[in-house]
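K.L.:
Okay, so here is final-v4.txt, and as you'll see once you scroll down, it has compact mmCIF, C-alpha atoms.
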```txt
# COMPACT_ATOMS: atom_id res chain seq x y z
CA MET A 1 -51.26 172.73 96.56
CA ASN A 2 -48.40 174.02 94.49
CA ALA A 3 -48.55 172.92 90.83
CA ALA A 4 -44.84 172.12 90.90
CA TYR A 5 -45.50 169.24 93.31
CA LEU A 6 -48.05 167.54 91.06
CA PRO A 7 -45.59 165.84 88.66
CA ALA A 8 -43.48 164.61 91.59
CA ILE A 9 -46.53 163.18 93.37
CA ALA A 10 -47.71 161.53 90.14
CA ALA A 11 -44.26 159.97 89.63
CA LEU A 12 -44.18 158.67 93.21
CA ALA A 13 -47.73 157.28 92.92
CA GLY A 14 -46.87 155.61 89.61
CA SER A 15 -43.77 154.04 91.13
CA ALA A 16 -45.76 152.80 94.13
CA ILE A 17 -48.48 151.32 91.93
CA GLY A 18 -45.88 149.71 89.67
CA GLY A 19 -44.07 148.22 92.65
CA LEU A 20 -47.32 146.94 94.15
CA THR A 21 -48.30 145.38 90.82
CA SER A 22 -44.90 143.71 90.52
CA PHE A 23 -45.16 142.38 94.09
CA ALA A 24 -48.70 141.05 93.53
CA SER A 25 -47.66 139.36 90.29
CA ALA A 26 -44.65 137.68 91.92
CA TRP A 27 -46.73 136.60 94.92
CA LEU A 28 -49.46 135.07 92.74
CA THR A 29 -46.92 133.26 90.60
CA GLN A 30 -45.19 131.83 93.67
CA TYR A 31 -48.53 130.85 95.24
CA HIS A 32 -49.60 128.91 92.15
CA GLN A 33 -46.20 127.21 91.83
CA ASP A 34 -46.29 126.16 95.49
CA ARG A 35 -49.82 124.85 95.10
CA ALA A 36 -48.89 122.86 91.99
CA ASN A 37 -45.87 121.39 93.81
CA ARG A 38 -48.01 120.45 96.82
CA LEU A 39 -50.61 118.73 94.63
CA SER A 40 -47.92 116.93 92.66
CA GLY A 41 -46.34 115.67 95.88
CA GLU A 42 -49.72 114.61 97.24
CA LYS A 43 -50.49 112.71 94.05
CA ALA A 44 -47.11 110.95 94.14
CA ARG A 45 -47.62 109.93 97.80
CA ARG A 46 -51.07 108.54 97.07
CA GLN A 47 -49.85 106.68 93.99
CA GLU A 48 -47.13 105.03 96.08
CA LEU A 49 -49.62 104.12 98.82
CA TYR A 50 -52.07 102.62 96.31
CA LYS A 51 -49.23 100.74 94.60
CA GLN A 52 -48.16 99.24 97.93
CA PHE A 53 -51.74 98.19 98.69
CA ILE A 54 -52.16 96.57 95.27
CA ASP A 55 -48.86 94.70 95.64
CA GLU A 56 -49.68 93.41 99.13
CA ALA A 57 -53.31 92.58 98.35
CA SER A 58 -52.33 90.73 95.16
CA LYS A 59 -49.87 88.56 97.09
CA LEU A 60 -52.46 87.84 99.78
CA TYR A 61 -55.16 87.01 97.24
CA ALA A 62 -52.84 84.61 95.42
CA ASP A 63 -51.92 83.05 98.77
CA ALA A 64 -55.59 82.75 99.72
CA LEU A 65 -56.35 80.86 96.52
CA VAL A 66 -53.90 78.07 97.38
CA HIS A 67 -53.82 78.07 101.21
CA ASP A 68 -56.34 77.73 104.02
CA LYS A 69 -54.43 79.68 106.66
CA ALA A 70 -53.61 83.35 106.45
CA GLU A 71 -50.42 84.84 107.77
CA ILE A 72 -51.60 87.40 110.27
CA SER A 73 -48.52 89.58 109.79
CA ALA A 74 -49.30 89.92 106.08
CA LEU A 75 -52.91 90.82 106.84
CA VAL A 76 -51.75 93.41 109.37
CA SER A 77 -49.61 94.98 106.66
CA VAL A 78 -52.63 95.43 104.39
CA TYR A 79 -54.75 96.77 107.25
CA ALA A 80 -51.99 99.27 108.01
CA LEU A 81 -52.05 100.47 104.41
CA VAL A 82 -55.83 100.94 104.59
CA SER A 83 -55.38 102.90 107.82
CA ARG A 84 -52.89 105.17 106.05
CA MET A 85 -55.44 105.60 103.25
CA ARG A 86 -58.03 106.75 105.78
CA VAL A 87 -55.90 109.83 106.39
CA VAL A 88 -55.56 110.94 102.76
CA SER A 89 -58.08 109.10 100.57
CA SER A 90 -61.73 109.53 99.77
CA PRO A 91 -64.36 107.32 101.42
CA ALA A 92 -64.96 105.61 98.05
CA VAL A 93 -61.33 104.44 97.85
CA ILE A 94 -61.47 103.20 101.45
CA GLU A 95 -64.67 101.30 100.70
CA LYS A 96 -63.09 99.55 97.70
CA ALA A 97 -59.96 98.69 99.70
CA GLU A 98 -62.06 97.19 102.49
CA ALA A 99 -63.99 95.16 99.91
CA VAL A 100 -60.69 93.73 98.64
CA ILE A 101 -59.70 92.73 102.17
CA LEU A 102 -63.07 91.06 102.76
CA LEU A 103 -62.69 89.15 99.49
CA ILE A 104 -59.23 87.97 100.55
CA LEU A 105 -60.55 86.82 103.93
CA ASP A 106 -63.47 85.03 102.24
CA THR A 107 -61.09 83.38 99.78
CA TYR A 108 -59.10 81.84 102.62
CA SER A 109 -62.27 80.05 103.76
CA ILE A 110 -63.04 78.39 100.41
CA PRO A 111 -61.33 75.20 99.19
CA ASN A 112 -57.87 75.63 97.74
CA LYS A 113 -57.50 76.00 93.99
CA THR A 114 -55.38 73.66 91.91
CA PHE A 115 -53.12 74.83 89.13
CA SER A 116 -55.77 73.93 86.51
CA ASP A 117 -58.38 75.80 88.58
CA LEU A 118 -56.14 78.87 88.54
CA ARG A 119 -55.63 78.52 84.80
CA ASP A 120 -59.40 78.28 84.28
CA LEU A 121 -59.93 81.26 86.58
CA MET A 122 -57.48 83.36 84.57
CA SER A 123 -58.86 82.31 81.19
CA SER A 124 -62.47 82.92 82.26
CA HIS A 125 -61.64 86.61 82.69
CA ALA A 126 -63.30 86.54 86.09
CA ASP A 127 -63.48 89.85 87.87
CA ASN A 128 -60.15 90.99 89.14
CA PRO A 129 -60.68 91.76 92.83
CA LEU A 130 -58.50 94.84 92.56
CA ARG A 131 -60.11 96.29 89.43
CA ALA A 132 -62.76 98.33 91.27
CA PHE A 133 -60.13 99.58 93.70
CA GLY A 134 -57.81 100.62 90.88
CA GLU A 135 -60.57 102.39 89.00
CA GLU A 136 -61.61 104.33 92.09
CA CYS A 137 -57.99 105.32 92.70
CA ARG A 138 -57.74 106.56 89.11
CA VAL A 139 -60.85 108.70 89.60
CA GLU A 140 -59.42 110.19 92.79
CA LEU A 141 -56.02 110.90 91.24
CA HIS A 142 -57.64 112.59 88.24
CA ALA A 143 -59.70 114.71 90.66
CA LEU A 144 -56.44 115.86 92.25
CA ASN A 145 -55.31 117.12 88.84
CA ASP A 146 -58.53 119.12 88.46
CA ARG A 147 -57.98 121.09 91.66
```
What is this structure when it is put down as structure tokens?

P.N.:
Amino acid sequence: MNAAYLPAIAALAGSAIGGLTSFASAWLTQYHQDRANRLSGEKARRQELYKQFIDEASKLYADALVHDKAEISALVSVYALVSRMRVVSSPAVIEKAEAVILLILDTYSIPNKTFSDLRDLMSSHADNPLRAFGEECRVELHALNDR
């Protein structure tokens, strides 16, 4: 090989390596940004789903405390939310959501509460039926951040 070609080949190799490094750096940066955006979107969707479940279940539980008959359409709404959770949530979250639904159904079968009963229930700091569900959701959402 002619010695005159060596500097030209070195310059071309250096340019190629520099270009490859620049491409790899840009690709990795874009990959991590896309991943962060996906996880952020996933977290927001789950938060909205859990919020909807808590809202609906709270209304049903309050209704169950003062009524004997459940509105089937309202129960279907909560079951639909749990079905949506089955697609994206962990088995632990599903288990807690199902426990809330069972508690609501059981509450419809007990005698209705009076206003003073409700006041006593609130002041006794009895277990909130949605507390375990909310805590499990928090664990799952924090796990999404750790990915």

K.L.:
Could you give me, as CSV, every range 86-128 of chain A residue with an atom at most 10 Å from range 132-145 of chain A, plus its closest atom pair and distance in Å to one decimal, counting all atoms listed in the file, rows ordered by chain then number?

P.N.:
```
residue,atom,partner,partner_atom,distance
A:Ser89,CA,A:Glu140,CA,8.0
A:Ser90,CA,A:Glu140,CA,7.4
A:Ala92,CA,A:Glu136,CA,7.0
A:Val93,CA,A:Glu136,CA,5.8
A:Ile94,CA,A:Phe133,CA,8.7
A:Glu95,CA,A:Phe133,CA,8.5
A:Lys96,CA,A:Phe133,CA,5.0
A:Ala97,CA,A:Phe133,CA,6.1
A:Glu98,CA,A:Phe133,CA,9.3
A:Ala99,CA,A:Phe133,CA,8.5
A:Val100,CA,A:Phe133,CA,7.7
A:Asp127,CA,A:Ala132,CA,9.2
A:Asn128,CA,A:Ala132,CA,8.1
```

K.L.:
Would you mind reading off the distance between CA of Ala8 in chain A and CA of Thr21 in chain A, one decimal, in Å?

P.N.:
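Here the two named atoms are 19.8 Å from each other.
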
K.L.:
For Leu105 in chain A, which of A:Leu81, A:Gln30, A:Arg38, A:Ala64 is the closest residue, counting all atoms listed in the file?

P.N.:
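Using all atoms listed in the file, the shortest distance to Leu105 in chain A belongs to A:Ala64.
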
K.L.:
Could you jot down the CA of Ala57 in chain A to CA of Lys69 in chain A separation for me, Å, one decimal place?

P.N.:
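CA of Ala57 in chain A sits 15.4 Å away from CA of Lys69 in chain A.
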
K.L.:
For CA of Ser22 in chain A and CA of Leu6 in chain A, quote the distance in Å rounded to one decimal.

P.N.:
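Computed distance, CA of Ser22 in chain A to CA of Leu6 in chain A, equals 24.0 Å.
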
K.L.:
A:Ala4, A:Pro91, A:His67, A:Ser123: which is nearest Pro111 in chain A, counting all atoms listed in the file?

P.N.:
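Smallest separation from Pro111 in chain A among the options: A:His67.
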
K.L.:
Let me make sure I understand: among A:Phe115, A:Tyr31, A:Phe53, A:Tyr5, which one has the smallest atom-to-atom distance to Met85 in chain A if we use only C-alpha atoms?

P.N.:
A:Phe53

K.L.:
If you take every atom of range 114-132 of chain A that the file lists and fit an axis-aligned box around them with 3 Å extra on each side, what centre and edge lengths come out in Å to one decimal, as AutoDock Vina command-line options?

P.N.:
```
--center_x -58.3 --center_y 86.0 --center_z 87.0 --size_x 16.4 --size_y 30.7 --size_z 17.6
```

K.L.:
Using all atoms listed in the file, which of the listed residues (A:Leu118, A:Ala10, A:Leu75, A:Leu49) sits closest to Val87 in chain A?

P.N.:
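That would be A:Leu49, the residue with the smallest distance to Val87 in chain A.
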
K.L.:
Counting all atoms listed in the file, figure out which residue out of A:Ala70, A:Ala62, A:Leu39, A:Leu102 gets nearest to Met122 in chain A.

P.N.:
A:Ala62

K.L.:
Fix up range 45-65 of chain A with N, CA and C atoms, then write it as an mmCIF file, in the frame of the given file.

P.N.:
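Wrote out_32.cif, looks like this:
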```cif
data_model
loop_
_atom_site.group_PDB
_atom_site.id
_atom_site.type_symbol
_atom_site.label_atom_id
_atom_site.label_comp_id
_atom_site.auth_asym_id
_atom_site.auth_seq_id
_atom_site.Cartn_x
_atom_site.Cartn_y
_atom_site.Cartn_z
ATOM 1 N N ARG A 45 -47.497 110.701 96.550
ATOM 2 C CA ARG A 45 -47.620 109.930 97.800
ATOM 3 C C ARG A 45 -48.796 108.963 97.719
ATOM 4 N N ARG A 46 -49.912 109.427 97.190
ATOM 5 C CA ARG A 46 -51.070 108.540 97.070
ATOM 6 C C ARG A 46 -50.804 107.409 96.084
ATOM 7 N N GLN A 47 -50.164 107.725 94.966
ATOM 8 C CA GLN A 47 -49.850 106.680 93.990
ATOM 9 C C GLN A 47 -48.978 105.597 94.633
ATOM 10 N N GLU A 48 -48.002 105.996 95.417
ATOM 11 C CA GLU A 48 -47.130 105.030 96.080
ATOM 12 C C GLU A 48 -47.912 104.197 97.094
ATOM 13 N N LEU A 49 -48.797 104.831 97.847
ATOM 14 C CA LEU A 49 -49.620 104.120 98.820
ATOM 15 C C LEU A 49 -50.527 103.106 98.126
ATOM 16 N N TYR A 50 -51.179 103.517 97.045
ATOM 17 C CA TYR A 50 -52.070 102.620 96.310
ATOM 18 C C TYR A 50 -51.281 101.474 95.674
ATOM 19 N N LYS A 51 -50.091 101.776 95.186
ATOM 20 C CA LYS A 51 -49.230 100.740 94.600
ATOM 21 C C LYS A 51 -48.871 99.708 95.654
ATOM 22 N N GLN A 52 -48.498 100.161 96.850
ATOM 23 C CA GLN A 52 -48.160 99.240 97.930
ATOM 24 C C GLN A 52 -49.357 98.359 98.294
ATOM 25 N N PHE A 53 -50.539 98.965 98.352
ATOM 26 C CA PHE A 53 -51.740 98.190 98.690
ATOM 27 C C PHE A 53 -52.004 97.139 97.622
ATOM 28 N N ILE A 54 -51.910 97.523 96.358
ATOM 29 C CA ILE A 54 -52.160 96.570 95.270
ATOM 30 C C ILE A 54 -51.151 95.431 95.314
ATOM 31 N N ASP A 55 -49.890 95.740 95.547
ATOM 32 C CA ASP A 55 -48.860 94.700 95.640
ATOM 33 C C ASP A 55 -49.164 93.724 96.775
ATOM 34 N N GLU A 56 -49.427 94.261 97.962
ATOM 35 C CA GLU A 56 -49.680 93.410 99.130
ATOM 36 C C GLU A 56 -50.978 92.608 98.971
ATOM 37 N N ALA A 57 -52.026 93.263 98.500
ATOM 38 C CA ALA A 57 -53.310 92.580 98.350
ATOM 39 C C ALA A 57 -53.234 91.493 97.278
ATOM 40 N N SER A 58 -52.490 91.736 96.216
ATOM 41 C CA SER A 58 -52.330 90.730 95.160
ATOM 42 C C SER A 58 -51.636 89.486 95.711
ATOM 43 N N LYS A 59 -50.586 89.695 96.489
ATOM 44 C CA LYS A 59 -49.870 88.560 97.090
ATOM 45 C C LYS A 59 -50.789 87.784 98.031
ATOM 46 N N LEU A 60 -51.552 88.513 98.843
ATOM 47 C CA LEU A 60 -52.460 87.840 99.780
ATOM 48 C C LEU A 60 -53.566 87.090 99.059
ATOM 49 N N TYR A 61 -54.094 87.673 97.994
ATOM 50 C CA TYR A 61 -55.160 87.010 97.240
ATOM 51 C C TYR A 61 -54.628 85.727 96.605
ATOM 52 N N ALA A 62 -53.448 85.803 96.014
ATOM 53 C CA ALA A 62 -52.840 84.610 95.420
ATOM 54 C C ALA A 62 -52.595 83.551 96.500
ATOM 55 N N ASP A 63 -52.135 83.979 97.665
ATOM 56 C CA ASP A 63 -51.920 83.050 98.770
ATOM 57 C C ASP A 63 -53.235 82.436 99.225
ATOM 58 N N ALA A 64 -54.279 83.239 99.270
ATOM 59 C CA ALA A 64 -55.590 82.750 99.720
ATOM 60 C C ALA A 64 -56.171 81.720 98.762
ATOM 61 N N LEU A 65 -55.831 81.827 97.491
ATOM 62 C CA LEU A 65 -56.350 80.860 96.520
ATOM 63 C C LEU A 65 -55.767 79.465 96.727
#
```
